[in-house]
Amino acid sequence: MSAFVGIQAAFVSPLIFVFIIAGLAVAVSRGLRRREANWLLLALTSAPMLLYFLLHAFSAEVLPQWPSAAYPAGIVAAVAAFAALNSEGNSRSFVRVSFDAAPWVGLVFTLTLLAQMTVRPVSVLAANDPLSRFAGWTELASKTRAVANAQHADYIATNEQGLDGALAFYLRDMTVFQTSEAIRYESLPPVDQALLRRAVGLYVVEASLDDVARLRQYFDTVEPVSTIWRTRDGDPIEPYHLYKLTGYRGGLPF
């Protein structure tokens with residue numbers, strides 16, 4: 001839970017996050033206890049979502065962007081709850097100064113993150129840098145294509161949405177699909193089963209998420225062929241295992 005709160009505070013920026021939570025507390029109080037409709041709308045738009053992800057964080061990872069939809073109404077609640085401070089006589093109150101400073105602190109946080117993503121004024125090993133999730137995908141796709149060409153593979157299979165999206169974006173002339181979570185892709189045409197049966201495929205999987213044993217029930221042969229790394233300017237981030245797939249038997253949950 002503490003990790004979730006800390007990540008969200010950094011994601012939104014600490015002062016803005018504090019005022020959002022305080023604003024929603026005011027909205028819940030006035031909406032539920034005083035039956036004020038405007039405040040109730042703000043409370044029900046944001047508070048249940050944040051509470052859900054807070055509880056979810058006890059048992060599973062919550063990605064930073066997932067609660068994002070709660071924050072627009074939360075900001076409105078914060079402004080509605082604290083804007084009256086601007087008309088108060090005590091211009092030096094801690095709350096008022098903090099409220100006025102919150103957008104500027106947020107801007108500094110945003111510029112700092114952009115600087116770290118680009119020029120990297122603070123040296124951090126890529127494997128230990130949370131911002132490395134945005135780096136190395138073009139190179140990884142290029143390495144994947146080279147292995148696919150060497151193995152005469154006509155399609156690429158993955159097991160994770162982020163990897164699948166990156167390879168599908170950079171390798172648009174190849175069939176790329178995820179072998180799990182079919183509900184994510186209901187808007188796309190179904191995978192060509194005939195292609196899978198007649199062609200050689202390449203399974204690409206992050207080493208820490210390697211589930212190749214699951215694939216063996218769907219193919220006659222699943223052969224390891226290479227390990228490649230996603231890097232940031234040569235600094236290794238994480239390895240990926242590549243397997244050659246032949247003899248598709250059917251049954252993948254598309």
# chains A, B, ... in the order shown; residues from 1 in each chain; ligands from 1
$ select_by_dssp --residues "range 21-252 of chain A" --states "helix (DSSP H, G or I)" --output "ChimeraX atom specification"
/A:21-33,37-56,66-87,94-118,126-128,130-134,137-150,161-170,182-185,193-198,207-209,212-215
$ residues_around --residues "range 169-185 of chain A" --least-positions-apart "2" --cutoff "8 Å" --atoms "only C-alpha atoms" --output "CSV table (one decimal) with C-alpha atoms, in the first residue's frame"
chain,number,residue,atom,x,y,z
A,138,THR,CA,13.3,0.1,-31.4
A,141,ALA,CA,12.4,-4.9,-32.4
A,145,ARG,CA,13.5,-9.0,-36.8
A,154,ASP,CA,6.6,-15.6,-40.7
A,155,TYR,CA,4.9,-14.6,-37.4
A,156,ILE,CA,5.9,-13.5,-33.9
A,157,ALA,CA,4.0,-14.6,-30.7
A,158,THR,CA,4.3,-12.9,-27.3
A,159,ASN,CA,2.7,-13.4,-23.9
A,160,GLU,CA,2.5,-9.8,-22.6
A,161,GLN,CA,0.6,-6.7,-23.8
A,164,ASP,CA,3.2,-7.3,-28.0
A,165,GLY,CA,2.3,-3.6,-28.7
A,166,ALA,CA,5.9,-2.6,-29.2
A,167,LEU,CA,6.7,-5.4,-31.6
A,187,SER,CA,-11.6,-5.5,-32.0
A,188,LEU,CA,-8.8,-6.9,-34.2
A,191,VAL,CA,-5.2,-14.6,-36.1
A,252,LEU,CA,-4.4,-21.3,-28.5
A,253,PRO,CA,-7.0,-19.1,-26.7
A,254,PHE,CA,-7.5,-16.4,-29.4
$ closest_residue --among "A:Ala101, A:Leu32, A:Ala135, A:Ile20" --to "Ala78 in chain A" --atoms "only C-alpha atoms"
A:Ile20
$ residues_around --residues "Leu107 in chain A" --least-positions-apart "2" --cutoff "12 Å" --atoms "only C-alpha atoms" --output "count of residues only"
17
$ atom_distance --atom1 "CA of Glu186 in chain A" --atom2 "CA of Arg214 in chain A"
22.1 Å
$ residues_around --residues "Gly31 in chain A" --least-positions-apart "4" --cutoff "8 Å" --atoms "only C-alpha atoms" --output "count of residues only"
9
$ atom_distance --atom1 "CA of Phe94 in chain A" --atom2 "CA of Leu54 in chain A"
28.3 Å
$ atom_distance --atom1 "CA of Val124 in chain A" --atom2 "CA of Pro64 in chain A"
20.4 Å
